[in-house]
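**Q** Coordinates in query_34.pdb, PDB, C-alpha atoms and all ligand atoms, are listed below.
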```pdb
ATOM      1  CA  MET M   1      44.803 -17.921 -46.504  1.00  0.00           C
ATOM      2  CA  SER M   2      45.764 -18.241 -42.860  1.00  0.00           C
ATOM      3  CA  THR M   3      45.221 -21.547 -41.111  1.00  0.00           C
ATOM      4  CA  HIS M   4      44.752 -22.607 -37.537  1.00  0.00           C
ATOM      5  CA  ARG M   5      46.153 -25.688 -35.854  1.00  0.00           C
ATOM      6  CA  ILE M   6      43.502 -27.880 -34.260  1.00  0.00           C
ATOM      7  CA  ALA M   7      43.723 -31.073 -32.246  1.00  0.00           C
ATOM      8  CA  LEU M   8      40.672 -33.203 -31.697  1.00  0.00           C
ATOM      9  CA  THR M   9      39.529 -36.764 -31.276  1.00  0.00           C
ATOM     10  CA  VAL M  10      37.255 -38.295 -33.906  1.00  0.00           C
ATOM     11  CA  ASN M  11      35.727 -41.693 -33.209  1.00  0.00           C
ATOM     12  CA  GLY M  12      38.391 -42.335 -30.617  1.00  0.00           C
ATOM     13  CA  ARG M  13      41.341 -41.410 -32.836  1.00  0.00           C
ATOM     14  CA  ALA M  14      43.443 -38.318 -32.214  1.00  0.00           C
ATOM     15  CA  HIS M  15      43.934 -35.932 -35.130  1.00  0.00           C
ATOM     16  CA  GLU M  16      45.871 -32.722 -35.630  1.00  0.00           C
ATOM     17  CA  ALA M  17      45.378 -30.515 -38.656  1.00  0.00           C
ATOM     18  CA  ASP M  18      45.893 -27.023 -40.022  1.00  0.00           C
ATOM     19  CA  VAL M  19      42.546 -25.692 -41.187  1.00  0.00           C
ATOM     20  CA  PRO M  20      41.255 -22.451 -42.683  1.00  0.00           C
ATOM     21  CA  ALA M  21      39.068 -20.477 -40.313  1.00  0.00           C
ATOM     22  CA  ARG M  22      35.973 -20.985 -42.440  1.00  0.00           C
ATOM     23  CA  LEU M  23      36.271 -24.731 -43.052  1.00  0.00           C
ATOM     24  CA  THR M  24      33.162 -26.350 -41.613  1.00  0.00           C
ATOM     25  CA  LEU M  25      33.394 -29.354 -39.364  1.00  0.00           C
ATOM     26  CA  ALA M  26      31.343 -31.279 -41.932  1.00  0.00           C
ATOM     27  CA  ASP M  27      33.851 -30.562 -44.692  1.00  0.00           C
ATOM     28  CA  PHE M  28      36.742 -31.331 -42.362  1.00  0.00           C
ATOM     29  CA  LEU M  29      35.270 -34.737 -41.549  1.00  0.00           C
ATOM     30  CA  ARG M  30      34.369 -35.557 -45.133  1.00  0.00           C
ATOM     31  CA  GLU M  31      37.320 -34.088 -47.025  1.00  0.00           C
ATOM     32  CA  ARG M  32      40.224 -34.300 -44.588  1.00  0.00           C
ATOM     33  CA  LEU M  33      39.337 -37.491 -42.706  1.00  0.00           C
ATOM     34  CA  ASP M  34      37.378 -39.230 -45.483  1.00  0.00           C
ATOM     35  CA  LEU M  35      34.451 -39.818 -43.107  1.00  0.00           C
ATOM     36  CA  THR M  36      31.887 -39.381 -45.833  1.00  0.00           C
ATOM     37  CA  ALA M  37      28.992 -41.074 -44.055  1.00  0.00           C
ATOM     38  CA  THR M  38      28.184 -37.690 -42.532  1.00  0.00           C
ATOM     39  CA  HIS M  39      25.947 -36.322 -45.263  1.00  0.00           C
ATOM     40  CA  LEU M  40      25.416 -32.767 -46.420  1.00  0.00           C
ATOM     41  CA  GLY M  41      21.941 -31.775 -47.516  1.00  0.00           C
ATOM     42  CA  CYS M  42      20.909 -28.176 -47.058  1.00  0.00           C
ATOM     43  CA  GLU M  43      24.192 -26.856 -45.597  1.00  0.00           C
ATOM     44  CA  HIS M  44      22.052 -24.299 -43.768  1.00  0.00           C
ATOM     45  CA  GLY M  45      21.252 -26.071 -40.518  1.00  0.00           C
ATOM     46  CA  VAL M  46      17.769 -27.111 -41.581  1.00  0.00           C
ATOM     47  CA  CYS M  47      17.743 -30.780 -42.624  1.00  0.00           C
ATOM     48  CA  GLY M  48      19.825 -32.467 -39.919  1.00  0.00           C
ATOM     49  CA  ALA M  49      21.655 -34.787 -42.333  1.00  0.00           C
ATOM     50  CA  CYS M  50      25.056 -33.587 -41.113  1.00  0.00           C
ATOM     51  CA  THR M  51      24.432 -34.249 -37.413  1.00  0.00           C
ATOM     52  CA  VAL M  52      27.410 -35.528 -35.416  1.00  0.00           C
ATOM     53  CA  LEU M  53      28.212 -35.548 -31.705  1.00  0.00           C
ATOM     54  CA  VAL M  54      30.611 -33.040 -30.204  1.00  0.00           C
ATOM     55  CA  ASP M  55      31.418 -33.940 -26.618  1.00  0.00           C
ATOM     56  CA  GLY M  56      28.261 -36.041 -26.620  1.00  0.00           C
ATOM     57  CA  ALA M  57      25.874 -33.353 -27.866  1.00  0.00           C
ATOM     58  CA  ALA M  58      24.190 -33.553 -31.270  1.00  0.00           C
ATOM     59  CA  ILE M  59      25.255 -30.636 -33.464  1.00  0.00           C
ATOM     60  CA  ARG M  60      24.878 -29.739 -37.135  1.00  0.00           C
ATOM     61  CA  SER M  61      28.338 -30.004 -38.534  1.00  0.00           C
ATOM     62  CA  CYS M  62      27.490 -27.746 -41.484  1.00  0.00           C
ATOM     63  CA  LEU M  63      27.036 -24.882 -39.018  1.00  0.00           C
ATOM     64  CA  MET M  64      30.165 -25.466 -36.949  1.00  0.00           C
ATOM     65  CA  PHE M  65      33.642 -24.510 -38.023  1.00  0.00           C
ATOM     66  CA  ALA M  66      36.394 -27.072 -37.606  1.00  0.00           C
ATOM     67  CA  VAL M  67      38.314 -24.599 -35.452  1.00  0.00           C
ATOM     68  CA  GLN M  68      35.398 -24.602 -33.014  1.00  0.00           C
ATOM     69  CA  ALA M  69      35.882 -28.347 -32.588  1.00  0.00           C
ATOM     70  CA  ASP M  70      39.423 -27.857 -31.352  1.00  0.00           C
ATOM     71  CA  ARG M  71      40.041 -29.962 -28.209  1.00  0.00           C
ATOM     72  CA  THR M  72      36.698 -31.758 -28.453  1.00  0.00           C
ATOM     73  CA  GLU M  73      35.625 -35.344 -28.943  1.00  0.00           C
ATOM     74  CA  VAL M  74      33.711 -35.776 -32.168  1.00  0.00           C
ATOM     75  CA  THR M  75      31.667 -38.870 -32.908  1.00  0.00           C
ATOM     76  CA  THR M  76      30.324 -39.661 -36.375  1.00  0.00           C
ATOM     77  CA  VAL M  77      27.960 -42.306 -37.643  1.00  0.00           C
ATOM     78  CA  GLU M  78      30.934 -44.463 -38.660  1.00  0.00           C
ATOM     79  CA  SER M  79      31.373 -45.178 -34.942  1.00  0.00           C
ATOM     80  CA  LEU M  80      28.078 -47.061 -34.789  1.00  0.00           C
ATOM     81  CA  SER M  81      29.269 -50.075 -36.754  1.00  0.00           C
ATOM     82  CA  ALA M  82      32.628 -51.592 -37.563  1.00  0.00           C
ATOM     83  CA  PRO M  83      33.403 -52.650 -41.134  1.00  0.00           C
ATOM     84  CA  ASP M  84      32.703 -56.357 -41.680  1.00  0.00           C
ATOM     85  CA  ALA M  85      31.052 -56.712 -38.264  1.00  0.00           C
ATOM     86  CA  PRO M  86      27.380 -57.654 -37.889  1.00  0.00           C
ATOM     87  CA  LEU M  87      25.114 -54.653 -37.411  1.00  0.00           C
ATOM     88  CA  SER M  88      23.999 -53.987 -33.875  1.00  0.00           C
ATOM     89  CA  GLY M  89      22.308 -51.248 -31.889  1.00  0.00           C
ATOM     90  CA  ILE M  90      20.814 -48.322 -33.798  1.00  0.00           C
ATOM     91  CA  PRO M  91      21.832 -49.468 -37.340  1.00  0.00           C
ATOM     92  CA  ALA M  92      20.445 -52.952 -36.693  1.00  0.00           C
ATOM     93  CA  ALA M  93      17.138 -51.474 -35.568  1.00  0.00           C
ATOM     94  CA  PHE M  94      16.902 -49.413 -38.750  1.00  0.00           C
ATOM     95  CA  ARG M  95      17.489 -52.491 -40.856  1.00  0.00           C
ATOM     96  CA  ALA M  96      14.962 -54.528 -38.906  1.00  0.00           C
ATOM     97  CA  GLU M  97      12.230 -51.882 -39.227  1.00  0.00           C
ATOM     98  CA  HIS M  98      13.050 -50.917 -42.837  1.00  0.00           C
ATOM     99  CA  GLY M  99      13.842 -47.386 -41.689  1.00  0.00           C
ATOM    100  CA  LEU M 100      16.624 -46.771 -44.208  1.00  0.00           C
ATOM    101  CA  GLN M 101      14.805 -46.023 -47.502  1.00  0.00           C
ATOM    102  CA  CYS M 102      17.384 -44.113 -49.622  1.00  0.00           C
ATOM    103  CA  GLY M 103      19.511 -43.586 -46.527  1.00  0.00           C
ATOM    104  CA  PHE M 104      20.479 -39.974 -47.124  1.00  0.00           C
ATOM    105  CA  CYS M 105      18.995 -38.591 -43.916  1.00  0.00           C
ATOM    106  CA  THR M 106      19.784 -41.725 -41.889  1.00  0.00           C
ATOM    107  CA  PRO M 107      23.265 -40.881 -40.520  1.00  0.00           C
ATOM    108  CA  GLY M 108      22.039 -37.637 -38.973  1.00  0.00           C
ATOM    109  CA  ILE M 109      18.989 -39.299 -37.477  1.00  0.00           C
ATOM    110  CA  MET M 110      21.106 -42.062 -36.002  1.00  0.00           C
ATOM    111  CA  MET M 111      23.425 -39.569 -34.372  1.00  0.00           C
ATOM    112  CA  SER M 112      20.555 -37.624 -32.814  1.00  0.00           C
ATOM    113  CA  LEU M 113      19.297 -40.917 -31.401  1.00  0.00           C
ATOM    114  CA  ALA M 114      22.793 -41.731 -30.131  1.00  0.00           C
ATOM    115  CA  ALA M 115      22.900 -38.342 -28.410  1.00  0.00           C
ATOM    116  CA  LEU M 116      19.510 -38.908 -26.813  1.00  0.00           C
ATOM    117  CA  ASP M 117      20.540 -42.362 -25.658  1.00  0.00           C
ATOM    118  CA  GLY M 118      23.745 -41.040 -24.130  1.00  0.00           C
ATOM    119  CA  ALA M 119      22.108 -38.010 -22.535  1.00  0.00           C
ATOM    120  CA  THR M 120      19.362 -40.080 -20.947  1.00  0.00           C
ATOM    121  CA  ASP M 121      21.533 -42.981 -19.817  1.00  0.00           C
ATOM    122  CA  GLY M 122      19.748 -45.459 -22.064  1.00  0.00           C
ATOM    123  CA  GLY M 123      16.302 -44.427 -20.836  1.00  0.00           C
ATOM    124  CA  ALA M 124      15.984 -47.429 -18.534  1.00  0.00           C
ATOM    125  CA  MET M 125      13.950 -45.424 -16.007  1.00  0.00           C
ATOM    126  CA  THR M 126      11.775 -43.643 -18.578  1.00  0.00           C
ATOM    127  CA  PRO M 127       8.225 -44.933 -19.229  1.00  0.00           C
ATOM    128  CA  ALA M 128       7.718 -46.102 -22.816  1.00  0.00           C
ATOM    129  CA  ALA M 129       5.313 -43.309 -23.795  1.00  0.00           C
ATOM    130  CA  ALA M 130       7.653 -40.632 -22.424  1.00  0.00           C
ATOM    131  CA  ARG M 131      10.597 -42.282 -24.150  1.00  0.00           C
ATOM    132  CA  HIS M 132       8.642 -42.302 -27.408  1.00  0.00           C
ATOM    133  CA  ASP M 133       7.994 -38.564 -26.977  1.00  0.00           C
ATOM    134  CA  GLN M 134      11.706 -37.975 -26.390  1.00  0.00           C
ATOM    135  CA  ILE M 135      12.410 -39.848 -29.609  1.00  0.00           C
ATOM    136  CA  LEU M 136       9.855 -37.827 -31.594  1.00  0.00           C
ATOM    137  CA  ASP M 137      11.408 -34.663 -30.218  1.00  0.00           C
ATOM    138  CA  ALA M 138      14.880 -35.839 -31.299  1.00  0.00           C
ATOM    139  CA  LEU M 139      13.573 -36.706 -34.775  1.00  0.00           C
ATOM    140  CA  SER M 140      11.693 -33.439 -35.185  1.00  0.00           C
ATOM    141  CA  GLY M 141      14.795 -31.646 -36.431  1.00  0.00           C
ATOM    142  CA  HIS M 142      15.370 -34.068 -39.291  1.00  0.00           C
ATOM    143  CA  LEU M 143      13.928 -33.859 -42.769  1.00  0.00           C
ATOM    144  CA  CYS M 144      13.546 -37.018 -44.840  1.00  0.00           C
ATOM    145  CA  ARG M 145      13.045 -36.443 -48.545  1.00  0.00           C
ATOM    146  CA  CYS M 146      11.680 -39.955 -48.910  1.00  0.00           C
ATOM    147  CA  THR M 147       8.983 -38.843 -46.447  1.00  0.00           C
ATOM    148  CA  GLY M 148       8.402 -42.309 -45.008  1.00  0.00           C
ATOM    149  CA  TYR M 149       8.679 -41.282 -41.389  1.00  0.00           C
ATOM    150  CA  ARG M 150       6.647 -44.146 -39.980  1.00  0.00           C
ATOM    151  CA  ASN M 151       9.369 -46.767 -40.362  1.00  0.00           C
ATOM    152  CA  ILE M 152      11.977 -44.313 -39.111  1.00  0.00           C
ATOM    153  CA  VAL M 153       9.966 -43.787 -35.934  1.00  0.00           C
ATOM    154  CA  ARG M 154       9.503 -47.530 -35.499  1.00  0.00           C
ATOM    155  CA  ALA M 155      13.225 -48.067 -35.994  1.00  0.00           C
ATOM    156  CA  ALA M 156      14.051 -45.318 -33.509  1.00  0.00           C
ATOM    157  CA  ASP M 157      11.700 -46.836 -30.955  1.00  0.00           C
ATOM    158  CA  ARG M 158      13.302 -50.244 -31.410  1.00  0.00           C
ATOM    159  CA  ALA M 159      16.799 -48.767 -31.242  1.00  0.00           C
ATOM    160  CA  LEU M 160      16.110 -47.045 -27.943  1.00  0.00           C
ATOM    161  CA  GLY M 161      14.154 -49.842 -26.347  1.00  0.00           C
ATOM    162  CA  VAL M 162      10.541 -48.793 -26.837  1.00  0.00           C
ATOM    163  CA  SER M 163       8.644 -51.896 -27.873  1.00  0.00           C
ATOM    164  CA  VAL M 164       6.442 -51.406 -30.887  1.00  0.00           C
ATOM    165  CA  GLY M 165       2.942 -51.237 -29.481  1.00  0.00           C
ATOM    166  CA  ASP M 166       4.031 -49.587 -26.220  1.00  0.00           C
ATOM    167  CA  ALA M 167       3.592 -46.166 -27.751  1.00  0.00           C
ATOM    168  CA  ASP M 168       1.493 -44.805 -30.573  1.00  0.00           C
ATOM    169  CA  ASP M 169       3.323 -43.182 -33.446  1.00  0.00           C
TER     170      ASP M 169
HETATM  171  S1  LIG C 201      23.366 -30.208 -44.106  1.00  0.00           S
HETATM  172 FE1  LIG C 201      23.559 -29.500 -42.084  1.00  0.00          FE
HETATM  173  S2  LIG C 201      21.518 -29.234 -41.409  1.00  0.00           S
HETATM  174 FE2  LIG C 201      21.322 -29.747 -43.513  1.00  0.00          FE
HETATM  175  S1  LIG C 202      15.549 -42.072 -46.272  1.00  0.00           S
HETATM  176 FE1  LIG C 202      15.718 -40.897 -48.091  1.00  0.00          FE
HETATM  177  S2  LIG C 202      15.949 -38.874 -47.370  1.00  0.00           S
HETATM  178 FE2  LIG C 202      15.405 -39.996 -45.625  1.00  0.00          FE
END
```
Represent the structure from my file as structure tokens, please.
Ligand code: FES
Ligand code: FES
**A**
Amino acid sequence: MSTHRIALTVNGRAHEADVPARLTLADFLRERLDLTATHLGCEHGVCGACTVLVDGAAIRSCLMFAVQADRTEVTTVESLSAPDAPLSGIPAAFRAEHGLQCGFCTPGIMMSLAALDGATDGGAMTPAAARHDQILDALSGHLCRCTGYRNIVRAADRALGVSVGDADD
């Protein structure tokens, strides 16, 4: 099987690898780099569990080939907290609002929120209700098998600075 040489940055670290043309970015991250916090659910672009950032945009890594990530900056959920460090930011908000449940869908949701936060410059100038709508829109592409979306929404609001009570969920 022919391979292709790729060079990319993942969570701030440069990597080079020879990959088959049909290796997905999700499998590259999980199997080659051991970044297994990116989860695989449907593997058909439906559930959102595999969401990572590529050059700041949220993408479904089960639908992207590793070769397509050549010369990009990839960010995975592992970037949101350092081992042995206290939780902060988005993960801390999910813990505080009990938004984790089984946790399978959580990495993808967190990365969509990270993309929204980055794309909207933290949302400092966005009214709370509009910010809440942005968050619901970002969450709309994620399926949670535990089905307890209420705490996820509350956690997302907290993570992105919408005070609980500022917006109805
Ligand atoms: S595993 Fe990629 S969208 Fe479901
Ligand atoms: S928390 Fe279990 S699938 Fe979402």
**Q** Smallest atom-to-atom distance to Thr76 of chain M: which of M:Gly108, M:Pro127, M:Gly41, M:Gly99, using all atoms listed in the file?
**A** M:Gly108
**Q** Could you put an axis-aligned box around every listed atom of segment 59-72 of chain M, padded by 6 Å on each side, and send me its centre and edge lengths in Å to one decimal, as lines of an AutoDock Vina configuration file?
**A**
```
center_x = 32.5
center_y = -28.1
center_z = -34.8
size_x = 27.2
size_y = 19.2
size_z = 25.3
```
**Q** In Å, rounded to a single decimal, give me how far atom CA of Asn11 of chain M is from atom CA of Val74 of chain M.
**A**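 The value is 6.3 Å.
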**Q** Return as a PyMOL selection string the residues of protein, DNA or RNA that approach ligand LIG 201 (chain C) to within 9 Å, with all atoms listed in the file taken into account.
**A** chain M and resi 26+39-51+59-63+108+141-143
**Q** Return the single residue from M:Cys102, M:Ala96, M:Val54, M:Ala17 that is closest to Arg32 of chain M, with distances computed using all atoms listed in the file.
**A**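 For Arg32 of chain M, the nearest of the given residues is M:Ala17.
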**Q** Decode the PyMOL selection byres (((not hetatm)) within 9 of (chain C and resi 202)) for the given file into explicit residues and return them as a list of chain:residue names.
**A**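 Output of the PyMOL selection byres (((not hetatm)) within 9 of (chain C and resi 202)): M:Ala49, M:Gly99, M:Leu100, M:Gln101, M:Cys102, M:Gly103, M:Phe104, M:Cys105, M:Thr106, M:Ile109, M:His142, M:Leu143, M:Cys144, M:Arg145, M:Cys146, M:Thr147, M:Gly148, M:Tyr149, M:Ile152.
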**Q** So how far away is atom CA of Glu31 of chain M from atom CA of Met110 of chain M, in Å?
**A**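 It comes out at 21.2 Å.
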**Q** For the structure shown, which residues end up in the PyMOL selection byres (((chain M and resi 67) around 12) and not hetatm)? Put them as a ChimeraX atom specification, please?
**A** /M:3-8,16-28,61,63-66,68-72
**Q** Could you save those same residues with C-alpha atoms as a JSON list (two decimals), keeping the file's coordinate frame?
**A**
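Generated output (part.json):
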```
[["chain", "number", "residue", "atom", "x", "y", "z"],
["M", 3, "THR", "CA", 45.22, -21.55, -41.11],
["M", 4, "HIS", "CA", 44.75, -22.61, -37.54],
["M", 5, "ARG", "CA", 46.15, -25.69, -35.85],
["M", 6, "ILE", "CA", 43.50, -27.88, -34.26],
["M", 7, "ALA", "CA", 43.72, -31.07, -32.25],
["M", 8, "LEU", "CA", 40.67, -33.20, -31.70],
["M", 16, "GLU", "CA", 45.87, -32.72, -35.63],
["M", 17, "ALA", "CA", 45.38, -30.52, -38.66],
["M", 18, "ASP", "CA", 45.89, -27.02, -40.02],
["M", 19, "VAL", "CA", 42.55, -25.69, -41.19],
["M", 20, "PRO", "CA", 41.26, -22.45, -42.68],
["M", 21, "ALA", "CA", 39.07, -20.48, -40.31],
["M", 22, "ARG", "CA", 35.97, -20.98, -42.44],
["M", 23, "LEU", "CA", 36.27, -24.73, -43.05],
["M", 24, "THR", "CA", 33.16, -26.35, -41.61],
["M", 25, "LEU", "CA", 33.39, -29.35, -39.36],
["M", 26, "ALA", "CA", 31.34, -31.28, -41.93],
["M", 27, "ASP", "CA", 33.85, -30.56, -44.69],
["M", 28, "PHE", "CA", 36.74, -31.33, -42.36],
["M", 61, "SER", "CA", 28.34, -30.00, -38.53],
["M", 63, "LEU", "CA", 27.04, -24.88, -39.02],
["M", 64, "MET", "CA", 30.16, -25.47, -36.95],
["M", 65, "PHE", "CA", 33.64, -24.51, -38.02],
["M", 66, "ALA", "CA", 36.39, -27.07, -37.61],
["M", 68, "GLN", "CA", 35.40, -24.60, -33.01],
["M", 69, "ALA", "CA", 35.88, -28.35, -32.59],
["M", 70, "ASP", "CA", 39.42, -27.86, -31.35],
["M", 71, "ARG", "CA", 40.04, -29.96, -28.21],
["M", 72, "THR", "CA", 36.70, -31.76, -28.45]]
```
**Q** Measuring between only C-alpha atoms, which one of M:Ala119, M:Gly89, M:Ser112, M:Arg154 shows the shortest distance to His132 of chain M?
**A**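 Residue with the minimum atom-to-atom distance to His132 of chain M: M:Arg154.
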**Q** Have a look at atom CA of Pro107 of chain M and atom CA of Ala14 of chain M and let me know their distance in Å, one decimal.
**A**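 Computing it gives 22.0 Å between the two atoms.
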**Q** Please list, as an MDAnalysis selection string, the residues that have an atom at most 12 Å away from (10.7, -46.4, -36.3) in the coordinates of this file, counting all atoms listed in the file.
**A** chainID M and resid 90:101 106 109:110 113 132 135:136 139 148:165 167:169
**Q** With all atoms listed in the file as the atoms that count, which of M:Asp84, M:Asp133, M:Asp117, M:Glu78 lies nearest to Arg30 of chain M?
**A**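 Closest candidate: M:Glu78.
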**Q** Choose the residue, out of M:Pro86, M:Ala57, M:Met1, M:Arg131, that has the smallest atom-to-atom separation from Ala114 of chain M; count all atoms listed in the file.
**A** M:Ala57
